[in-house]
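A quick write-up on the structure given underneath.
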Amino acid sequence: MKPFFFSLRPTRQFKVAIPSNPRLYSLTPFFEPTAGAMKNFSDTVRDSADITRVVSDYVSLKGSGNSLKGLCPFHTEKTPSFTVHRDKQFFFCHGCKVGGDVFKFVMLAERVTFPEAVRIVAEKSGIPMPAQIGIVDEKTDQRRQLLDLHEKAASYFRRMISSDEAAAAREVLHKRKINAEFAERFGLGYAPHAGLLDYLSPRDPVSSGLFVKNDRGEVFDRFRRRLMFPIWNDRGKVIAFGGRALGDVQPKYLNSAESALYTKSYVLYGLHLARGSAQKAGRIVMVEGYFDCLSLHQAGIENVVASCGTSLTTHQVALAARYVPEVVMNYDPDAAGQTAMRKSIELLLAKNLRVRILKLPQGLDPDDFVRQEGAETYGRLLQAAPYFWQYLLAESGRNFDLNDPAMKGAAVRDVLEFVGKIQDAVERLEVARAVAEAFKVPEPLVLERLKLSSRRPELAPVSRQTVAAASRKLLEAEKQLILALVQKNKSVAEAIQPIRNDEFWREVWSWPVVTRLLDAEGDMEKALSDLADEQLAGEVRAAVSDDPGTMTAEYAMSSIYKLYDEHLKKRQSEIQQQLQGYGAEGAPRDLLVSLSEILSVRNRIRKGVPNS
Ligand SMILES: [Zn+2]
């Protein structure tokens, strides 16, 4: 065993004393761009995009300077551990360990492929897409054609609303007091008895969700004589339509069939219009219908979206949770609306959202109410909307005779069933106390009930995995070395180059990152882009995200010594173990020599390394 590291040069002047070896510099870099327009283009986009601006479209970020914080869109949390770094252009969540560059973020947030993410970021950053770029895979191409088709359909419907045939549709808007500006903003239109098919003549009409085929194979417009609402994705692109019947036709509301663009349960109607003010307000108001949403926006209450269905779906809840910590449910006061609302509470609580309930007086839905009573009254009720449990308490007083012991028992059970779904243990306990107080039931009894009725909050499979695998940590020394390289400390990089093939690095967990950082000249996301060890990537992002300040060359060099010392320590204990097998006399000489060599080198490291 030979202490190769120290055979290179004595300590101290290490960083200047070692001549750099040109042969090592000529090693093939890991990031030789694979020739191709796509790679060039994605690099251009990556270099020109600002990750903080792109992420802000999805997450409300707080703070200033180079690192901004927000609530992680990829796991549920109450205190922000999601960080975006402007200077190093990456994001990292300390909670769920997800991280990466701007493309990775968009891929996760939008559930799209890499080429699609590049396209989205380019679009958001105002970088025109060269026509010859071959980043269109088949799926992307299909989606784009469908988006085009919907754009054309939307403009066709809009135009048709001024046609003679559309008088009944205009009458509805007039009755609902929808003014021209908002009809325009929400893209309202009219589907005539026929015409869209001829107008668009699409290649594959049925798969667009806008047409139907009968038994004889004839294709028709799906929407006929209906008032049309475009449905957008959260980037404001039309992906489907909802059509309201005029007159006594069933169904009253008809939606596009699901398509490559449109999955009903994934959409919150009006989200792209509501997002900004919802993030500002820290809450989103959830209503049932298109007109509820539209009328509230017109009244100046803009943090409103519609679920356009009965109860919320988990996907819709997840979508809302990306932007706000609180949801106000303002469903219709009829039985169907109230049942749907109760079902939604559970889903919202499971996503760790605060839930308030707004039940409007006189049995009015939001659309009627705001038209009759005005925006100010609505706004006042909205501000005063009770938390879900306060609302349930009030309701139970109405629905149960609390003087009847059996009824009271049922009422308590009814409320506690929801309280048990609150994710935060402290909050759950506090609410349980308030419930006990309200029902005038001894507190321990309520807490006991709660224990029985509340299942433990379910961990997502992903986070369970993270917890199990989280055992491996970077050594302080590894972190310091990585920081120095990410901070583009040239003298550290130059000092490692000549010794980068030394054996001891193989024992350093983060070596694959160190060596990639050398090749990528300190660009962290580039260095991590082809790294298979996700956990290592997470640890590296965490370390860089925690950035304790500028790493001096001296400090970083001492880290290398420490890593080397770790290696020696291991050898030492191996040898000592071997020696134990020989007893006092018969130990082989070469083992003893190796041991004494190791000890002397370790001794020199201890003396030579600052801060150790
Ligand atoms: Zn997270």
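The way I read the labels, and the way they are meant: chains A, B, ... in the order of the structure tokens, residue 1 as the first residue of every chain, and ligand 1 as the first ligand shown, with later ones counted on from there.
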
Shell of 8 Å around range 186-196 of chain A, only C-alpha atoms, local chain residues under 6 positions omitted, as a PyMOL selection string:
chain A and resi 153-154+156-161+165-166+169+220-221+223-230+294

Residues near range 144-152 of chain A, cut-off 12 Å, only C-alpha atoms, skip fewer than 2 positions along chain, as a CSV table (one decimal) with N, CA and C atoms, in the first residue's frame:
chain,number,residue,atom,x,y,z
A,116,GLU,N,-41.1,19.0,-25.2
A,116,GLU,CA,-42.2,19.9,-24.9
A,116,GLU,C,-41.9,20.9,-23.8
A,119,ARG,N,-40.0,23.7,-25.4
A,119,ARG,CA,-40.9,24.5,-26.2
A,119,ARG,C,-41.6,25.5,-25.2
A,120,ILE,N,-42.1,25.0,-24.1
A,120,ILE,CA,-42.8,25.8,-23.1
A,120,ILE,C,-41.9,26.9,-22.6
A,136,VAL,N,-39.9,18.0,-32.4
A,136,VAL,CA,-41.3,17.6,-32.4
A,136,VAL,C,-41.4,16.1,-32.5
A,137,ASP,N,-41.7,15.5,-31.3
A,137,ASP,CA,-42.0,14.1,-31.4
A,137,ASP,C,-43.5,13.9,-31.8
A,138,GLU,N,-43.9,12.7,-32.1
A,138,GLU,CA,-45.2,12.5,-32.6
A,138,GLU,C,-46.3,13.0,-31.7
A,139,LYS,N,-46.1,12.8,-30.4
A,139,LYS,CA,-47.1,13.2,-29.5
A,139,LYS,C,-47.3,14.7,-29.4
A,140,THR,N,-46.1,15.3,-29.4
A,140,THR,CA,-46.1,16.8,-29.4
A,140,THR,C,-46.8,17.3,-30.6
A,141,ASP,N,-46.5,16.7,-31.7
A,141,ASP,CA,-47.0,17.2,-33.0
A,141,ASP,C,-48.6,17.1,-33.0
A,142,GLN,N,-49.0,15.9,-32.5
A,142,GLN,CA,-50.5,15.7,-32.4
A,142,GLN,C,-51.1,16.8,-31.5
A,154,ALA,N,-62.5,28.0,-31.6
A,154,ALA,CA,-62.9,29.1,-30.7
A,154,ALA,C,-63.2,30.3,-31.4
A,155,SER,N,-62.4,30.7,-32.4
A,155,SER,CA,-62.6,31.9,-33.1
A,155,SER,C,-63.9,31.8,-34.0
A,156,TYR,N,-64.1,30.6,-34.5
A,156,TYR,CA,-65.3,30.3,-35.3
A,156,TYR,C,-66.6,30.6,-34.4
A,157,PHE,N,-66.6,30.0,-33.2
A,157,PHE,CA,-67.7,30.1,-32.3
A,157,PHE,C,-67.9,31.6,-31.9
A,158,ARG,N,-66.8,32.3,-31.6
A,158,ARG,CA,-66.8,33.7,-31.3
A,158,ARG,C,-67.5,34.5,-32.4
A,159,ARG,N,-67.1,34.2,-33.6
A,159,ARG,CA,-67.7,34.9,-34.7
A,159,ARG,C,-69.2,34.7,-34.8
A,187,GLY,N,-64.1,34.5,-24.0
A,187,GLY,CA,-64.2,33.9,-25.3
A,187,GLY,C,-65.5,33.2,-25.6
A,196,LEU,N,-69.2,23.6,-38.1
A,196,LEU,CA,-67.8,23.6,-37.6
A,196,LEU,C,-67.0,22.5,-38.4
A,197,LEU,N,-67.7,21.4,-38.7
A,197,LEU,CA,-67.0,20.3,-39.5
A,197,LEU,C,-66.5,20.8,-40.8
A,199,TYR,N,-66.0,23.9,-41.6
A,199,TYR,CA,-65.1,25.0,-41.5
A,199,TYR,C,-63.7,24.5,-41.2
A,200,LEU,N,-63.6,23.4,-40.3
A,200,LEU,CA,-62.3,22.9,-39.9
A,200,LEU,C,-61.8,21.8,-40.9
A,201,SER,N,-62.7,21.0,-41.4
A,201,SER,CA,-62.4,19.8,-42.1
A,201,SER,C,-61.1,19.1,-41.6
A,202,PRO,N,-61.1,18.7,-40.3
A,202,PRO,CA,-59.9,18.1,-39.7
A,202,PRO,C,-59.7,16.7,-40.3
A,203,ARG,N,-58.4,16.2,-40.1
A,203,ARG,CA,-58.0,14.9,-40.6
A,203,ARG,C,-58.7,13.8,-39.8
A,204,ASP,N,-58.7,14.0,-38.5
A,204,ASP,CA,-59.2,12.9,-37.6
A,204,ASP,C,-60.2,13.6,-36.7
A,205,PRO,N,-61.5,13.9,-37.2
A,205,PRO,CA,-62.4,14.7,-36.4
A,205,PRO,C,-62.7,14.1,-35.0
A,206,VAL,N,-63.0,12.8,-35.0
A,206,VAL,CA,-63.5,12.3,-33.7
A,206,VAL,C,-62.5,12.4,-32.6
A,207,SER,N,-61.2,12.2,-32.9
A,207,SER,CA,-60.3,12.2,-31.8
A,207,SER,C,-60.1,13.6,-31.2
A,208,SER,N,-60.6,14.6,-31.9
A,208,SER,CA,-60.5,16.0,-31.3
A,208,SER,C,-61.4,16.2,-30.2
A,209,GLY,N,-62.4,15.4,-30.1
A,209,GLY,CA,-63.4,15.6,-29.0
A,209,GLY,C,-64.5,16.6,-29.4
A,210,LEU,N,-64.4,17.1,-30.6
A,210,LEU,CA,-65.4,18.1,-31.0
A,210,LEU,C,-66.5,17.6,-31.9
A,229,PHE,N,-68.5,27.9,-24.2
A,229,PHE,CA,-67.4,28.4,-23.3
A,229,PHE,C,-66.1,27.6,-23.6
A,230,PRO,N,-65.1,28.3,-24.1
A,230,PRO,CA,-63.8,27.7,-24.2
A,230,PRO,C,-63.3,27.2,-22.9
A,231,ILE,N,-62.7,26.1,-22.8
A,231,ILE,CA,-62.0,25.6,-21.6
A,231,ILE,C,-60.5,25.6,-21.9
A,232,TRP,N,-59.7,26.3,-21.0
A,232,TRP,CA,-58.3,26.4,-21.2
A,232,TRP,C,-57.5,25.5,-20.3
A,233,ASN,N,-56.3,25.3,-20.8
A,233,ASN,CA,-55.3,24.7,-19.8
A,233,ASN,C,-54.7,25.8,-18.9
A,235,ARG,N,-52.1,27.3,-19.1
A,235,ARG,CA,-51.4,28.4,-19.8
A,235,ARG,C,-52.3,29.2,-20.7
A,236,GLY,N,-53.6,29.0,-20.6
A,236,GLY,CA,-54.5,29.8,-21.3
A,236,GLY,C,-54.7,29.4,-22.8
A,237,LYS,N,-54.3,28.1,-23.1
A,237,LYS,CA,-54.6,27.6,-24.4
A,237,LYS,C,-55.9,26.9,-24.4
A,238,VAL,N,-56.8,27.1,-25.4
A,238,VAL,CA,-58.0,26.4,-25.5
A,238,VAL,C,-57.8,24.9,-25.7
A,239,ILE,N,-58.4,24.0,-24.9
A,239,ILE,CA,-58.2,22.6,-25.0
A,239,ILE,C,-59.5,21.8,-25.1
A,240,ALA,N,-60.6,22.5,-24.9
A,240,ALA,CA,-61.9,21.9,-25.0
A,240,ALA,C,-63.0,23.0,-24.9
A,241,PHE,N,-64.2,22.5,-25.0
A,241,PHE,CA,-65.3,23.5,-24.9
A,241,PHE,C,-66.4,22.9,-24.0
A,256,SER,N,-66.7,18.8,-24.3
A,256,SER,CA,-65.9,18.1,-25.3
A,256,SER,C,-65.7,16.7,-24.8
A,259,SER,N,-59.7,14.1,-24.9
A,259,SER,CA,-58.8,13.9,-26.1
A,259,SER,C,-57.4,14.0,-25.6
A,260,ALA,N,-56.4,14.0,-26.5
A,260,ALA,CA,-55.0,14.0,-26.1
A,260,ALA,C,-54.7,15.3,-25.3
A,261,LEU,N,-55.6,16.3,-25.5
A,261,LEU,CA,-55.4,17.6,-24.8
A,261,LEU,C,-56.2,17.7,-23.5
A,262,TYR,N,-57.3,17.0,-23.5
A,262,TYR,CA,-58.3,17.4,-22.5
A,262,TYR,C,-58.7,16.1,-21.6

Set the cut-off to 12 Å, count only C-alpha atoms and all ligand atoms, and list whatever residues fall near ligand 1 as number ranges by chain.
A: 59, 69-84, 91-99, 105, 108-109, 322, 460, 462-463, 466, 538, 542

Of the residues A:Gly289, A:Pro386, A:Pro128, A:Gly300, which is the one nearest to Pro366 in chain A, using only C-alpha atoms?
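Ranked by minimum distance to Pro366 in chain A, first place goes to A:Gly289.
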
Step one, run DSSP on the backbone; step two, keep only residues of range 164-322 of chain A assigned to alpha helix (DSSP H); then write them as number ranges by chain.
A: 167-175, 180-185, 196-200, 271-281, 290-298, 314-321

Save out the residues we just selected, C-alpha atoms, as a PDB file, in the first residue's frame.
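Heads up, here's the output in result_32.pdb:
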ATOM      1  CA  ALA A 167     -80.155  35.415 -30.780  1.00  0.00           C
ATOM      2  CA  ALA A 168     -81.102  32.978 -27.999  1.00  0.00           C
ATOM      3  CA  ALA A 169     -77.466  32.793 -26.853  1.00  0.00           C
ATOM      4  CA  ARG A 170     -77.160  36.563 -26.753  1.00  0.00           C
ATOM      5  CA  GLU A 171     -80.395  36.686 -24.792  1.00  0.00           C
ATOM      6  CA  VAL A 172     -78.877  34.454 -22.103  1.00  0.00           C
ATOM      7  CA  LEU A 173     -75.870  36.752 -21.798  1.00  0.00           C
ATOM      8  CA  HIS A 174     -78.146  39.751 -21.610  1.00  0.00           C
ATOM      9  CA  LYS A 175     -80.249  38.153 -18.852  1.00  0.00           C
ATOM     10  CA  ALA A 180     -69.223  42.654 -23.864  1.00  0.00           C
ATOM     11  CA  GLU A 181     -65.780  43.003 -22.324  1.00  0.00           C
ATOM     12  CA  PHE A 182     -66.152  39.875 -20.222  1.00  0.00           C
ATOM     13  CA  ALA A 183     -67.897  37.888 -22.939  1.00  0.00           C
ATOM     14  CA  GLU A 184     -64.777  38.679 -24.941  1.00  0.00           C
ATOM     15  CA  ARG A 185     -62.322  37.899 -22.147  1.00  0.00           C
ATOM     16  CA  LEU A 196     -67.805  23.557 -37.649  1.00  0.00           C
ATOM     17  CA  LEU A 197     -66.990  20.331 -39.457  1.00  0.00           C
ATOM     18  CA  ASP A 198     -67.011  22.049 -42.842  1.00  0.00           C
ATOM     19  CA  TYR A 199     -65.099  24.998 -41.455  1.00  0.00           C
ATOM     20  CA  LEU A 200     -62.270  22.945 -39.948  1.00  0.00           C
ATOM     21  CA  LEU A 271     -57.311  29.002 -13.694  1.00  0.00           C
ATOM     22  CA  HIS A 272     -55.060  31.012 -15.989  1.00  0.00           C
ATOM     23  CA  LEU A 273     -57.245  34.077 -15.383  1.00  0.00           C
ATOM     24  CA  ALA A 274     -57.473  33.515 -11.627  1.00  0.00           C
ATOM     25  CA  ARG A 275     -53.915  32.464 -10.892  1.00  0.00           C
ATOM     26  CA  GLY A 276     -52.312  35.857 -10.364  1.00  0.00           C
ATOM     27  CA  SER A 277     -54.866  37.265  -7.968  1.00  0.00           C
ATOM     28  CA  ALA A 278     -55.222  33.901  -6.209  1.00  0.00           C
ATOM     29  CA  GLN A 279     -51.513  33.845  -5.460  1.00  0.00           C
ATOM     30  CA  LYS A 280     -51.714  37.398  -4.224  1.00  0.00           C
ATOM     31  CA  ALA A 281     -54.705  36.637  -2.000  1.00  0.00           C
ATOM     32  CA  TYR A 290     -69.049  28.592 -15.835  1.00  0.00           C
ATOM     33  CA  PHE A 291     -71.424  31.460 -15.108  1.00  0.00           C
ATOM     34  CA  ASP A 292     -70.540  31.522 -11.400  1.00  0.00           C
ATOM     35  CA  CYS A 293     -66.919  31.931 -12.338  1.00  0.00           C
ATOM     36  CA  LEU A 294     -67.550  34.485 -15.059  1.00  0.00           C
ATOM     37  CA  SER A 295     -69.927  36.652 -13.004  1.00  0.00           C
ATOM     38  CA  LEU A 296     -67.533  36.828 -10.056  1.00  0.00           C
ATOM     39  CA  HIS A 297     -64.651  37.823 -12.325  1.00  0.00           C
ATOM     40  CA  GLN A 298     -66.857  40.486 -13.867  1.00  0.00           C
ATOM     41  CA  THR A 314     -57.670  14.777  -6.586  1.00  0.00           C
ATOM     42  CA  HIS A 315     -56.037  16.223  -9.702  1.00  0.00           C
ATOM     43  CA  GLN A 316     -57.984  19.440  -9.446  1.00  0.00           C
ATOM     44  CA  VAL A 317     -57.085  19.718  -5.778  1.00  0.00           C
ATOM     45  CA  ALA A 318     -53.407  19.151  -6.584  1.00  0.00           C
ATOM     46  CA  LEU A 319     -53.623  21.835  -9.245  1.00  0.00           C
ATOM     47  CA  ALA A 320     -55.043  24.350  -6.769  1.00  0.00           C
ATOM     48  CA  ALA A 321     -52.456  23.379  -4.158  1.00  0.00           C
TER      49      ALA A 321
END

Within range 199-386 of chain A, find each residue whose DSSP state, derived from the backbone, is strand (DSSP E or B), and express the selection as a PyMOL selection string.
chain A and resi 211-213+219-221+226-232+238-245+253-255+269+283-287+304-306+326-329+354-357

Please write the residues from the selection above to a file, keeping C-alpha atoms, as an mmCIF file, in the first residue's frame.
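Writing done, so here's out-v5.cif:
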data_model
loop_
_atom_site.group_PDB
_atom_site.id
_atom_site.type_symbol
_atom_site.label_atom_id
_atom_site.label_comp_id
_atom_site.auth_asym_id
_atom_site.auth_seq_id
_atom_site.Cartn_x
_atom_site.Cartn_y
_atom_site.Cartn_z
ATOM 1 C CA PHE A 211 -67.328 15.771 -33.285
ATOM 2 C CA VAL A 212 -69.425 12.640 -32.985
ATOM 3 C CA LYS A 213 -69.874 9.714 -35.312
ATOM 4 C CA VAL A 219 -69.674 12.572 -38.520
ATOM 5 C CA PHE A 220 -71.483 15.555 -36.947
ATOM 6 C CA ASP A 221 -70.654 18.617 -34.914
ATOM 7 C CA ARG A 226 -75.315 25.927 -27.830
ATOM 8 C CA LEU A 227 -73.707 28.829 -26.021
ATOM 9 C CA MET A 228 -70.020 27.979 -26.032
ATOM 10 C CA PHE A 229 -67.425 28.358 -23.280
ATOM 11 C CA PRO A 230 -63.833 27.661 -24.231
ATOM 12 C CA ILE A 231 -61.995 25.609 -21.615
ATOM 13 C CA TRP A 232 -58.306 26.440 -21.234
ATOM 14 C CA VAL A 238 -58.037 26.369 -25.472
ATOM 15 C CA ILE A 239 -58.153 22.599 -25.012
ATOM 16 C CA ALA A 240 -61.884 21.872 -24.981
ATOM 17 C CA PHE A 241 -65.336 23.468 -24.873
ATOM 18 C CA GLY A 242 -68.373 23.450 -22.680
ATOM 19 C CA GLY A 243 -71.674 24.079 -24.396
ATOM 20 C CA ARG A 244 -74.812 25.286 -22.635
ATOM 21 C CA ALA A 245 -78.133 24.271 -24.137
ATOM 22 C CA TYR A 253 -74.231 21.391 -20.210
ATOM 23 C CA LEU A 254 -72.243 19.320 -22.650
ATOM 24 C CA ASN A 255 -68.443 19.080 -22.663
ATOM 25 C CA TYR A 269 -61.983 26.350 -15.369
ATOM 26 C CA ARG A 283 -56.555 31.602 -1.584
ATOM 27 C CA ILE A 284 -58.676 30.428 -4.429
ATOM 28 C CA VAL A 285 -62.473 30.410 -4.523
ATOM 29 C CA MET A 286 -63.972 27.246 -5.975
ATOM 30 C CA VAL A 287 -67.389 27.504 -7.629
ATOM 31 C CA VAL A 304 -62.203 32.289 -8.719
ATOM 32 C CA VAL A 305 -62.155 29.023 -10.636
ATOM 33 C CA ALA A 306 -64.902 26.518 -11.426
ATOM 34 C CA GLU A 326 -56.268 27.922 1.118
ATOM 35 C CA VAL A 327 -59.426 27.064 -0.794
ATOM 36 C CA VAL A 328 -62.844 28.609 -0.235
ATOM 37 C CA MET A 329 -65.617 26.291 -1.408
ATOM 38 C CA ARG A 354 -56.898 25.092 4.588
ATOM 39 C CA VAL A 355 -60.585 24.880 3.788
ATOM 40 C CA ARG A 356 -63.231 27.527 4.219
ATOM 41 C CA ILE A 357 -66.875 27.227 3.273
#

Counting only C-alpha atoms, what is within 12 Å of Leu402 in chain A, bar same-chain residues fewer than 3 positions away, as an MDAnalysis selection string?
chainID A and resid 393:399 405:412 438:441
